[in-house]
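Asker: So that you have it, the file is entry-v4.txt, and it contains compact mmCIF, C-alpha atoms:
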# COMPACT_ATOMS: atom_id res chain seq x y z
CA MET A 37 -29.52 -22.53 15.42
CA ILE A 38 -26.03 -24.03 15.58
CA VAL A 39 -25.95 -24.31 11.78
CA ILE A 40 -26.84 -20.64 11.41
CA TRP A 41 -24.17 -19.68 13.94
CA LEU A 42 -21.52 -21.71 12.11
CA PHE A 43 -22.57 -20.20 8.77
CA LEU A 44 -22.33 -16.67 10.13
CA LEU A 45 -18.93 -17.40 11.65
CA LYS A 46 -17.56 -18.84 8.40
CA TYR A 47 -18.61 -15.71 6.51
CA SER A 48 -17.86 -13.35 9.41
CA PRO A 49 -15.20 -11.25 7.59
CA LEU A 50 -17.60 -10.61 4.70
CA ILE A 51 -20.53 -9.83 7.01
CA CYS A 52 -18.37 -7.53 9.13
CA LEU A 53 -17.13 -5.69 6.03
CA TYR A 54 -20.59 -4.91 4.74
CA PHE A 55 -21.89 -4.07 8.20
CA PHE A 56 -18.99 -1.62 8.40
CA PHE A 57 -20.09 0.06 5.15
CA ILE A 58 -23.69 0.25 6.37
CA ALA A 59 -22.58 1.76 9.69
CA LEU A 60 -20.43 4.25 7.82
CA LEU A 61 -23.47 5.48 5.90
CA LEU A 62 -26.11 5.38 8.61
CA VAL A 63 -24.48 6.07 11.98
CA ARG A 64 -24.55 9.79 12.87
CA PHE A 65 -23.31 10.37 16.40
CA GLY A 66 -20.66 13.04 15.94
CA LYS A 67 -17.45 12.05 17.67
CA MET A 68 -19.09 8.89 19.03
CA ARG A 69 -19.46 7.81 15.41
CA ARG A 70 -15.67 7.84 15.14
CA VAL A 71 -15.33 5.76 18.27
CA PHE A 72 -17.93 3.25 17.09
CA LEU A 73 -16.36 2.83 13.66
CA SER A 74 -12.85 2.49 15.10
CA LEU A 75 -13.91 -0.84 16.66
CA PHE A 76 -14.42 -2.52 13.30
CA PRO A 77 -10.78 -3.39 12.39
CA GLY A 78 -10.34 -5.29 15.64
CA LEU A 79 -13.82 -6.83 15.42
CA LEU A 80 -13.11 -8.13 11.92
CA LEU A 81 -9.80 -9.66 13.02
CA ALA A 82 -11.34 -11.19 16.17
CA LEU A 83 -14.27 -12.78 14.31
CA GLY A 84 -12.02 -14.04 11.52
CA SER A 85 -9.60 -15.55 14.05
CA ALA A 86 -12.46 -17.27 15.88
CA ALA A 87 -13.69 -18.73 12.57
CA LEU A 88 -10.21 -20.06 11.80
CA TYR A 89 -9.94 -21.58 15.26
CA PHE A 90 -13.25 -23.44 14.92
CA PHE A 91 -12.99 -24.46 11.25
CA THR A 92 -9.30 -25.22 10.78
CA THR A 93 -6.62 -27.08 12.67
CA SER A 94 -3.84 -24.62 11.87
CA LEU A 95 -4.66 -22.12 14.62
CA PRO A 96 -3.90 -23.22 18.19
CA PHE A 97 -5.63 -21.71 21.18
CA TRP A 98 -2.61 -19.65 22.22
CA GLY A 99 -2.53 -18.30 18.65
CA LEU A 100 -6.15 -17.26 19.01
CA VAL A 101 -5.21 -15.40 22.19
CA CYS A 102 -2.29 -13.65 20.41
CA LEU A 103 -4.51 -12.54 17.55
CA GLY A 104 -7.11 -11.37 20.07
CA ILE A 105 -4.49 -9.14 21.66
CA VAL A 106 -3.53 -7.79 18.22
CA ALA A 107 -7.24 -7.15 17.51
CA LEU A 108 -7.49 -5.13 20.72
CA PHE A 109 -4.36 -3.21 19.81
CA LEU A 110 -5.68 -2.52 16.31
CA SER A 111 -8.96 -1.08 17.56
CA ALA A 112 -7.28 0.70 20.48
CA GLY A 113 -4.79 2.33 18.11
CA CYS A 114 -7.60 3.58 15.86
CA PHE A 115 -9.68 4.67 18.84
CA SER A 116 -6.87 6.60 20.53
CA TYR A 117 -5.87 8.38 17.32
CA VAL A 118 -9.48 9.25 16.52
CA TRP A 119 -10.12 10.54 20.05
CA CYS A 120 -6.93 12.59 20.48
CA ARG A 121 -6.14 14.02 17.04
CA ARG A 122 -7.79 16.14 14.36
CA GLY A 123 -6.78 14.40 11.18
CA ASP A 124 -9.07 12.67 8.70
CA PHE A 125 -9.90 9.57 10.78
CA LEU A 126 -11.33 7.70 7.76
CA LEU A 127 -7.88 7.79 6.19
CA LEU A 128 -6.68 5.66 9.10
CA LEU A 129 -9.82 3.55 9.44
CA PHE A 130 -9.89 2.04 5.94
CA PRO A 131 -6.23 0.91 5.93
CA ALA A 132 -6.80 -0.57 9.41
CA VAL A 133 -9.75 -2.60 8.08
CA LEU A 134 -7.58 -3.78 5.17
CA THR A 135 -4.88 -4.76 7.67
CA GLY A 136 -7.41 -6.80 9.65
CA ILE A 137 -8.46 -8.64 6.48
CA GLY A 138 -4.83 -9.29 5.59
CA LEU A 139 -4.05 -10.72 9.03
CA VAL A 140 -7.06 -13.06 8.87
CA PHE A 141 -6.05 -14.51 5.50
CA LEU A 142 -2.34 -14.69 6.28
CA THR A 143 -3.21 -16.62 9.45
CA ARG A 144 -5.48 -18.81 7.38
CA ILE A 145 -2.51 -19.68 5.11
CA ASP A 146 0.01 -20.20 7.92
CA PHE A 147 -0.34 -19.16 11.54
CA LEU A 148 3.34 -18.19 11.74
CA LEU A 149 2.89 -15.80 8.80
CA GLY A 150 0.05 -14.10 10.63
CA LEU A 151 2.05 -13.94 13.85
CA ARG A 152 5.06 -12.34 12.14
CA GLN A 153 2.83 -9.92 10.27
CA SER A 154 1.19 -8.98 13.58
CA CYS A 155 4.54 -7.70 14.84
CA TRP A 156 4.83 -5.46 11.80
CA VAL A 157 1.26 -4.26 12.32
CA VAL A 158 2.14 -3.14 15.84
CA LEU A 159 5.24 -1.35 14.52
CA GLY A 160 3.19 0.31 11.76
CA LEU A 161 0.57 1.55 14.20
CA LEU A 162 3.28 2.89 16.51
CA SER A 163 4.65 4.91 13.59
CA LEU A 164 1.27 6.68 13.44
CA TRP A 165 2.04 8.14 16.86
CA VAL A 166 5.81 8.52 16.76
CA LEU A 167 6.13 10.23 13.37
CA PRO A 168 3.58 13.04 13.93
CA SER A 169 5.10 13.62 17.37
CA LEU A 170 8.61 13.96 15.95
CA LEU A 171 7.44 16.15 13.07
CA LYS A 172 5.96 19.33 14.51
CA SER A 173 5.05 20.32 10.96
CA TYR A 174 5.35 18.72 7.54
CA ARG A 175 7.13 21.94 6.51
CA PHE A 176 9.99 21.04 8.85
CA PHE A 177 10.24 17.76 6.97
CA LEU A 178 10.29 19.39 3.53
CA ASN A 179 12.79 22.13 4.40
CA TYR A 180 15.55 19.54 4.20
CA LYS A 181 14.67 18.35 0.71
CA TYR A 182 18.25 17.74 -0.44
CA LEU A 183 18.98 15.67 2.67
CA LEU A 184 15.85 13.69 1.87
CA MET A 185 17.15 13.03 -1.64
CA VAL A 186 20.55 11.95 -0.34
CA GLY A 187 18.91 9.73 2.29
CA GLY A 188 16.74 8.11 -0.36
CA LEU A 189 19.72 7.45 -2.64
CA VAL A 190 21.72 5.99 0.27
CA LEU A 191 18.87 3.61 1.04
CA LEU A 192 18.58 2.61 -2.61
CA GLY A 193 22.32 2.08 -2.90
CA SER A 194 22.74 0.13 0.34
CA PRO A 195 21.80 -3.28 -1.18
CA PHE A 196 24.93 -3.10 -3.36
CA LEU A 197 27.01 -3.44 -0.17
CA LEU A 198 24.69 -5.17 2.31
CA GLY A 199 21.99 -6.69 0.14
CA ILE A 200 20.85 -10.25 -0.38
CA GLU A 201 19.18 -11.66 -3.48
CA ALA A 202 15.52 -12.71 -3.36
CA GLY A 203 13.25 -13.48 -6.30
CA GLY A 204 15.98 -12.61 -8.82
CA ALA A 205 16.52 -9.08 -7.42
CA ARG A 206 19.21 -7.89 -5.02
CA ASN A 207 16.97 -5.46 -3.19
CA TRP A 208 16.81 -6.78 0.38
CA ILE A 209 19.01 -6.09 3.41
CA SER A 210 19.32 -8.77 6.07
CA LEU A 211 20.04 -7.88 9.68
CA GLY A 212 20.08 -11.45 10.92
CA PHE A 213 16.77 -11.76 12.75
CA PHE A 214 14.84 -9.84 10.08
CA SER A 215 15.24 -8.40 6.60
CA PHE A 216 13.73 -5.36 4.94
CA GLN A 217 13.41 -3.73 1.53
CA PRO A 218 15.00 -0.23 1.64
CA SER A 219 13.32 0.90 -1.59
CA GLU A 220 9.94 0.97 0.22
CA PHE A 221 11.24 3.70 2.56
CA ALA A 222 13.36 5.43 -0.09
CA LYS A 223 10.17 5.93 -2.08
CA ILE A 224 8.73 8.12 0.69
CA LEU A 225 11.90 10.21 0.97
CA MET A 226 12.08 10.76 -2.79
CA ILE A 227 8.41 11.81 -2.97
CA ALA A 228 9.02 14.30 -0.15
CA PHE A 229 12.10 15.62 -1.99
CA LEU A 230 10.09 16.11 -5.17
CA ALA A 231 7.29 17.87 -3.29
CA GLY A 232 9.68 20.33 -1.65
CA TYR A 233 11.80 20.93 -4.75
CA LEU A 234 8.94 21.30 -7.22
CA ASP A 235 7.02 23.63 -4.92
CA GLU A 236 10.05 25.91 -4.76
CA ASN A 237 10.84 25.83 -8.49
CA ARG A 238 7.57 25.01 -10.23
CA TRP A 239 7.11 28.50 -11.72
CA VAL A 240 10.52 28.34 -13.37
CA LEU A 241 9.93 24.81 -14.62
CA ARG A 242 6.56 25.83 -16.04
CA ARG A 243 8.07 28.67 -18.08
CA PHE A 244 11.41 27.10 -18.94
CA PRO A 245 10.92 23.33 -18.90
CA GLY A 246 14.32 22.64 -20.43
CA LEU A 247 16.41 24.91 -18.19
CA GLY A 248 19.31 22.68 -17.08
CA ARG A 249 20.16 24.57 -13.92
CA TYR A 250 16.76 23.86 -12.41
CA LEU A 251 16.27 20.42 -13.90
CA SER A 252 19.64 18.99 -12.86
CA PRO A 253 18.74 18.19 -9.19
CA LEU A 254 15.48 16.68 -10.39
CA LEU A 255 17.14 14.54 -13.05
CA THR A 256 19.96 13.55 -10.71
CA GLY A 257 17.70 12.34 -7.92
CA CYS A 258 15.20 10.56 -10.15
CA GLY A 259 17.80 9.22 -12.57
CA LEU A 260 20.04 7.72 -9.89
CA SER A 261 17.02 6.20 -8.13
CA LEU A 262 15.92 4.42 -11.28
CA LEU A 263 19.49 3.39 -12.13
CA PHE A 264 20.01 1.78 -8.72
CA LEU A 265 16.74 -0.13 -8.97
CA VAL A 266 17.46 -1.35 -12.50
CA LEU A 267 20.96 -2.52 -11.51
CA GLN A 268 19.37 -4.44 -8.64
CA HIS A 269 16.91 -6.01 -11.15
CA ASP A 270 13.99 -4.62 -9.14
CA LEU A 271 12.05 -3.56 -12.22
CA GLY A 272 8.64 -3.60 -10.55
CA MET A 273 9.72 -0.96 -8.04
CA ALA A 274 11.55 0.95 -10.80
CA PHE A 275 8.25 1.12 -12.71
CA LEU A 276 6.46 2.47 -9.62
CA PHE A 277 9.18 5.08 -9.04
CA LEU A 278 9.15 6.23 -12.66
CA VAL A 279 5.36 6.58 -12.90
CA THR A 280 5.14 8.33 -9.51
CA PHE A 281 7.95 10.78 -10.36
CA TRP A 282 6.40 11.52 -13.73
CA VAL A 283 2.91 12.19 -12.36
CA ILE A 284 4.21 14.43 -9.54
CA VAL A 285 6.19 16.54 -12.04
CA LEU A 286 3.10 16.82 -14.24
CA ALA A 287 0.96 17.82 -11.27
CA ALA A 288 3.46 20.52 -10.29
CA THR A 289 4.17 22.02 -13.72
CA GLY A 290 1.38 20.95 -16.08
CA HIS A 291 3.77 21.46 -19.00
CA ILE A 292 3.18 19.52 -22.22
CA LEU A 293 6.90 18.85 -22.71
CA HIS A 294 7.08 17.06 -19.37
CA LEU A 295 4.10 14.94 -20.42
CA TRP A 296 5.67 13.78 -23.69
CA GLY A 297 9.17 13.61 -22.22
CA GLY A 298 8.00 11.30 -19.44
CA LEU A 299 6.04 9.16 -21.88
CA LEU A 300 9.05 8.76 -24.18
CA LEU A 301 11.26 7.94 -21.19
CA PHE A 302 8.81 5.28 -20.04
CA LEU A 303 8.56 3.69 -23.50
CA GLY A 304 12.33 3.81 -23.98
CA GLY A 305 12.91 2.23 -20.56
CA ALA A 306 10.36 -0.50 -21.26
CA VAL A 307 12.00 -1.41 -24.58
CA ALA A 308 15.48 -1.40 -23.00
CA ALA A 309 14.32 -3.57 -20.07
CA TYR A 310 12.72 -6.03 -22.50
CA HIS A 311 15.96 -6.49 -24.44
CA CYS A 312 18.28 -6.53 -21.41
CA PHE A 313 16.45 -8.78 -18.92
CA PRO A 314 15.33 -12.31 -19.83
CA HIS A 315 12.72 -12.46 -17.05
CA VAL A 316 11.02 -9.37 -18.51
CA GLN A 317 10.80 -11.13 -21.87
CA GLU A 318 9.30 -14.16 -20.14
CA ARG A 319 6.65 -12.08 -18.33
CA ILE A 320 5.70 -10.26 -21.52
CA ALA A 321 5.42 -13.61 -23.33
CA VAL A 322 3.23 -14.94 -20.52
CA PHE A 323 1.03 -11.85 -20.67
CA LEU A 324 0.58 -12.14 -24.45
CA ASP A 325 -0.12 -15.90 -24.34
CA LEU A 326 -1.15 -16.79 -20.80
CA TRP A 327 -2.75 -20.15 -21.52
CA GLY A 328 0.18 -21.22 -23.66
CA HIS A 329 2.41 -20.82 -20.58
CA ALA A 330 -0.10 -22.23 -18.08
CA ASN A 331 2.32 -24.92 -16.86
CA THR A 332 5.43 -22.73 -16.81
CA GLY A 333 5.78 -18.99 -16.22
CA GLY A 334 2.03 -18.34 -16.25
CA TYR A 335 1.12 -21.02 -13.71
CA GLN A 336 0.49 -18.65 -10.80
CA VAL A 337 -1.60 -16.20 -12.81
CA VAL A 338 -3.69 -19.04 -14.26
CA GLN A 339 -4.31 -20.47 -10.78
CA SER A 340 -5.17 -16.97 -9.58
CA ILE A 341 -7.81 -16.58 -12.30
CA PHE A 342 -9.20 -20.03 -11.47
CA ALA A 343 -9.41 -19.09 -7.78
CA LEU A 344 -11.25 -15.84 -8.53
CA GLY A 345 -13.67 -17.65 -10.85
CA ASN A 346 -14.16 -20.49 -8.36
CA GLY A 347 -15.29 -18.08 -5.67
CA GLY A 348 -18.43 -17.03 -7.48
CA VAL A 349 -20.50 -14.32 -5.82
CA PHE A 350 -20.05 -15.18 -2.13
CA GLY A 351 -17.12 -17.61 -2.13
CA TRP A 352 -16.68 -20.95 -0.36
CA GLY A 353 -16.33 -19.48 3.11
CA LEU A 354 -13.28 -18.79 5.21
CA GLY A 355 -10.93 -21.78 5.28
CA ASN A 356 -12.47 -23.62 2.31
CA GLY A 357 -10.20 -22.40 -0.48
CA PHE A 358 -7.02 -23.90 -1.90
CA PRO A 359 -4.18 -21.41 -1.29
CA GLU A 360 -1.59 -24.18 -1.75
CA MET A 361 -2.30 -24.07 -5.49
CA ILE A 362 -0.59 -20.65 -5.73
CA PRO A 363 3.05 -20.76 -4.50
CA GLU A 364 3.32 -17.02 -3.67
CA VAL A 365 -0.22 -16.55 -2.44
CA HIS A 366 0.84 -14.77 0.76
CA THR A 367 2.76 -12.01 -1.03
CA ASP A 368 1.48 -11.20 -4.52
CA PHE A 369 -1.75 -13.23 -4.73
CA LEU A 370 -3.59 -12.71 -1.45
CA PHE A 371 -6.38 -10.96 -3.37
CA SER A 372 -7.02 -14.21 -5.25
CA LEU A 373 -7.51 -16.15 -2.01
CA ILE A 374 -9.94 -13.49 -0.79
CA GLY A 375 -11.87 -13.88 -4.04
CA GLU A 376 -11.98 -17.66 -3.69
CA GLU A 377 -13.21 -17.71 -0.07
CA LEU A 378 -15.29 -14.49 0.05
CA GLY A 379 -16.25 -14.33 -3.63
CA LEU A 380 -17.00 -11.30 -5.75
CA ALA A 381 -18.65 -9.63 -2.73
CA GLY A 382 -15.40 -9.81 -0.79
CA THR A 383 -13.14 -8.60 -3.60
CA LEU A 384 -15.48 -5.69 -4.36
CA ALA A 385 -15.40 -4.69 -0.69
CA VAL A 386 -11.59 -4.71 -0.75
CA VAL A 387 -11.50 -2.62 -3.94
CA VAL A 388 -13.97 -0.14 -2.41
CA LEU A 389 -11.73 0.19 0.66
CA TYR A 390 -8.78 1.07 -1.57
CA VAL A 391 -10.84 3.48 -3.68
CA ILE A 392 -12.09 5.39 -0.63
CA THR A 393 -8.61 5.49 0.90
CA VAL A 394 -7.17 6.98 -2.29
CA TRP A 395 -10.11 9.37 -2.62
CA ARG A 396 -9.60 10.66 0.93
CA GLY A 397 -5.90 11.15 0.24
CA PHE A 398 -6.59 13.17 -2.89
CA GLN A 399 -9.17 15.20 -0.98
CA ILE A 400 -6.47 16.16 1.53
CA SER A 401 -4.27 17.26 -1.37
CA LEU A 402 -7.05 19.36 -2.92
CA ARG A 403 -7.99 21.03 0.38
CA SER A 404 -4.44 22.10 1.17
CA ARG A 405 -3.54 25.73 0.46
CA ASP A 406 0.19 25.05 0.66
CA GLY A 407 1.75 23.90 -2.62
CA ALA A 408 4.31 21.63 -0.96
CA ALA A 409 1.67 19.93 1.19
CA ARG A 410 -0.55 19.53 -1.86
CA LEU A 411 2.22 17.82 -3.82
CA LEU A 412 3.30 15.70 -0.85
CA ALA A 413 -0.23 14.41 -0.22
CA PHE A 414 -0.80 13.86 -3.93
CA GLY A 415 2.47 11.96 -4.43
CA LEU A 416 2.03 9.73 -1.37
CA THR A 417 -1.58 8.92 -2.26
CA PHE A 418 -0.72 8.23 -5.88
CA SER A 419 2.07 5.84 -4.85
CA LEU A 420 -0.44 3.77 -2.85
CA ALA A 421 -2.95 3.86 -5.70
CA VAL A 422 -0.56 2.79 -8.44
CA GLN A 423 0.90 0.01 -6.25
CA ALA A 424 -2.57 -1.41 -5.61
CA LEU A 425 -3.52 -1.12 -9.29
CA VAL A 426 -0.35 -2.84 -10.47
CA ASN A 427 -0.87 -5.75 -8.07
CA LEU A 428 -4.56 -6.17 -8.89
CA GLY A 429 -3.83 -5.92 -12.60
CA GLY A 430 -1.10 -8.56 -12.34
CA VAL A 431 -3.10 -11.17 -10.38
CA THR A 432 -6.07 -10.83 -12.74
CA GLY A 433 -3.91 -11.05 -15.90
CA LEU A 434 -4.76 -7.55 -17.10
CA ILE A 435 -1.10 -6.44 -17.07
CA PRO A 436 2.21 -8.34 -16.82
CA LEU A 437 3.05 -9.58 -13.34
CA THR A 438 5.54 -7.31 -11.54
CA GLY A 439 5.92 -8.83 -8.08
CA VAL A 440 4.63 -5.70 -6.34
CA PRO A 441 2.78 -6.44 -3.04
CA LEU A 442 -0.72 -5.21 -2.24
CA PRO A 443 -0.54 -2.37 0.35
CA PHE A 444 -1.82 -3.23 3.87
CA LEU A 445 -2.84 -6.75 2.78
CA SER A 446 0.15 -8.69 1.47
CA TYR A 447 2.73 -10.30 3.70
CA GLY A 448 5.83 -8.17 4.19
CA GLY A 449 7.02 -5.86 6.94
CA SER A 450 8.68 -3.28 4.69
CA SER A 451 5.57 -2.72 2.60
CA LEU A 452 3.25 -2.61 5.62
CA VAL A 453 5.33 -0.24 7.76
CA SER A 454 6.09 2.08 4.82
CA SER A 455 2.37 2.17 3.95
CA TYR A 456 1.54 3.19 7.52
CA ILE A 457 4.25 5.86 7.39
CA ILE A 458 2.53 7.21 4.27
CA VAL A 459 -0.78 7.25 6.17
CA ALA A 460 0.92 9.01 9.10
CA LEU A 461 2.25 11.76 6.82
CA LEU A 462 -1.13 12.16 5.15
CA LEU A 463 -2.79 12.42 8.55
CA LYS A 464 -0.23 15.06 9.57
CA VAL A 465 -1.03 17.11 6.48
CA SER A 466 -4.75 16.56 7.08
CA GLU A 467 -4.44 17.70 10.68
CA GLU A 468 -2.64 20.92 9.73
CA VAL A 469 -5.07 21.57 6.86
CA GLY A 470 -7.97 21.19 9.33
CA GLU A 471 -6.37 23.55 11.85
CA ALA A 472 -5.75 26.13 9.12
CA GLY A 473 -9.40 25.88 8.11
CA VAL A 474 -10.52 26.41 11.71
CA ARG A 475 -8.26 29.47 12.08
CA SER A 476 -9.48 31.03 8.81
CA HIS A 477 -13.11 30.44 9.85
CA GLN A 478 -12.48 32.12 13.23
CA GLU A 479 -10.80 35.08 11.52
CA VAL A 480 -13.83 35.53 9.28
Give the structure from this file in structure tokens form.

Answerer:
Amino acid sequence: MIVIWLFLLKYSPLICLYFFFIALLLVRFGKMRRVFLSLFPGLLLALGSAALYFFTTSLPFWGLVCLGIVALFLSAGCFSYVWCRRGDFLLLLFPAVLTGIGLVFLTRIDFLLGLRQSCWVVLGLLSLWVLPSLLKSYRFFLNYKYLLMVGGLVLLGSPFLLGIEAGGARNWISLGFFSFQPSEFAKILMIAFLAGYLDENRWVLRRFPGLGRYLSPLLTGCGLSLLFLVLQHDLGMAFLFLVTFWVIVLAATGHILHLWGGLLLFLGGAVAAYHCFPHVQERIAVFLDLWGHANTGGYQVVQSIFALGNGGVFGWGLGNGFPEMIPEVHTDFLFSLIGEELGLAGTLAVVVLYVITVWRGFQISLRSRDGAARLLAFGLTFSLAVQALVNLGGVTGLIPLTGVPLPFLSYGGSSLVSSYIIVALLLKVSEEVGEAGVRSHQEV
């Protein structure tokens, strides 16, 4: 009996994940279903913390108590939002489950990492309440589109004056007791600017795609954003900005010239970055010949592939992997550790969580009758999707490594809080879309 209990505890995150999926499909209790499902993020974190306490020596008892409090806060935050608001509660629930998984594995690597990340989790969950309360309507947010663009450019330009260098890029700002990456928050402001501007001018841009008067604000905002990121050597974020801008413009106009123009711009930027930045040449060389660079620039990716292969179907169990073999496992390669300790079953569950989150976001975009809300929801959802795809592609060797973190999972306060702000905005749009649907149904 004790052996069975220990086995279940060691695989508790995996068991909890699949029990969550089963409950999602089978439980039908109306609003009580929401309440029941909202307990799973905290339950996953609590069980994972208990497993770490019993099977490792890195988690002290007071640390277990701290993580228990965070688990209660995580479930209470989901429960209170589900109970009091009208938005798409699944759009909050799946990121919360991902956050619980991330906290378990960050604590497994280093308890202090998990403790610091817990503070950012609390801040991210608070943003779910504060932001919708401050914004009476997403329209109020989008009416100041030029201020949003200026605010985004100020954030992107601030590292030139206040920034510190990390990982070869000068894209962080240090405030003494903590540091943050302003580009994560500038991304949200620039997407909101594009949504407001393109909704107002999309008919002109569809008919006259080369009209300078209407393209100039668009080119100025996007061009300066990319220029600032390139000058800071933050090419991974520059790639995300470029692809997101391009797809939003295509979604708004659907014009063939914007399709080919964006593609040529992307190819031209990639060639220029390859010739101007030595580290880009190194990453391309590693991508083309990974095993030839296994002991140099490709070491982390090779170890990541070994970890994923080592995990097999069900992994070695929580606490039995070798995260020390990957130097940056807590930031870019947390997915590899999940694969090693929870196996293919665990990584598939994580991928499914991301897929459903993105699907729910796109559903909000499609249901919206307002063009600006549709573009805002589409752009925010796409930014999460492409960031997750770029990270997963990099750690599995399918694309060159970019240094982009995995949303909701990887260590980093800027990425986590900005991701929760994106969820908060999507929930705000979802809430207003739901209220509009209720009003139209009553009118009928």

Asker: Go ahead and fit an axis-aligned box to every listed atom of segment 152-162 of chain A plus 8 Å each side, and pass me the centre and edge lengths in Å, one decimal, as lines of an AutoDock Vina configuration file.

Answerer:
center_x = 2.9
center_y = -4.7
center_z = 13.4
size_x = 20.7
size_y = 31.2
size_z = 22.2

Asker: Which residue gives the smallest distance to Val440 of chain A among A:Val166, A:Leu192, A:Ala330, A:Leu271, with all atoms listed in the file counted?

Answerer: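 Of A:Val166, A:Leu192, A:Ala330, A:Leu271, the one nearest Val440 of chain A is A:Leu271, counting all atoms listed in the file.
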
Asker: I'd like the interatomic distance between atom CA of Phe277 of chain A and atom CA of Leu299 of chain A, to a tenth of an Å.

Answerer: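 About the pair atom CA of Phe277 of chain A and atom CA of Leu299 of chain A: they are 13.8 Å apart.
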
Asker: Measuring atom to atom with only C-alpha atoms, identify which of A:Gly78, A:Gly272, A:Gly415, A:Gly123 is nearest to Ile105 of chain A.

Answerer: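 Counting only C-alpha atoms, the residue closest to Ile105 of chain A is A:Gly78.
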
Asker: Within 12 Å of (-5.0, -15.6, -18.3) (file coordinates; all atoms listed in the file), which protein or nucleic acid residues are there? I'd like them as a ChimeraX atom specification.

Answerer: /A:321-331,333-345,429-437

Asker: Scan for residues within 10 Å of the point (14.4, 24.5, -3.3) in the coordinates of the file, using all atoms listed in the file, and reply as a VMD selection string.

Answerer: chain A and resid 178 to 182 229 to 238 250 253

Asker: May I ask which of the residues A:Leu370, A:Tyr117, A:Leu412, A:Ala381 is the closest one to Leu428 of chain A, counting all atoms listed in the file?

Answerer: A:Leu370

Asker: Between atom CA of Gly104 of chain A and atom CA of Ile392 of chain A, what is the spacing in Å?

Answerer: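 The value is 27.1 Å.
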
Asker: Select, from A:Leu50, A:Ile362, A:Ala288, A:Val453, the residue with the minimum atom-to-atom distance to Phe414 of chain A, counting all atoms listed in the file.

Answerer: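 Closest to Phe414 of chain A of all the choices is A:Ala288.
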
Asker: Distance atom CA of Leu416 of chain A-atom CA of Leu183 of chain A, one decimal place?

Answerer: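 Going from atom CA of Leu416 of chain A over to atom CA of Leu183 of chain A, I get 18.4 Å.
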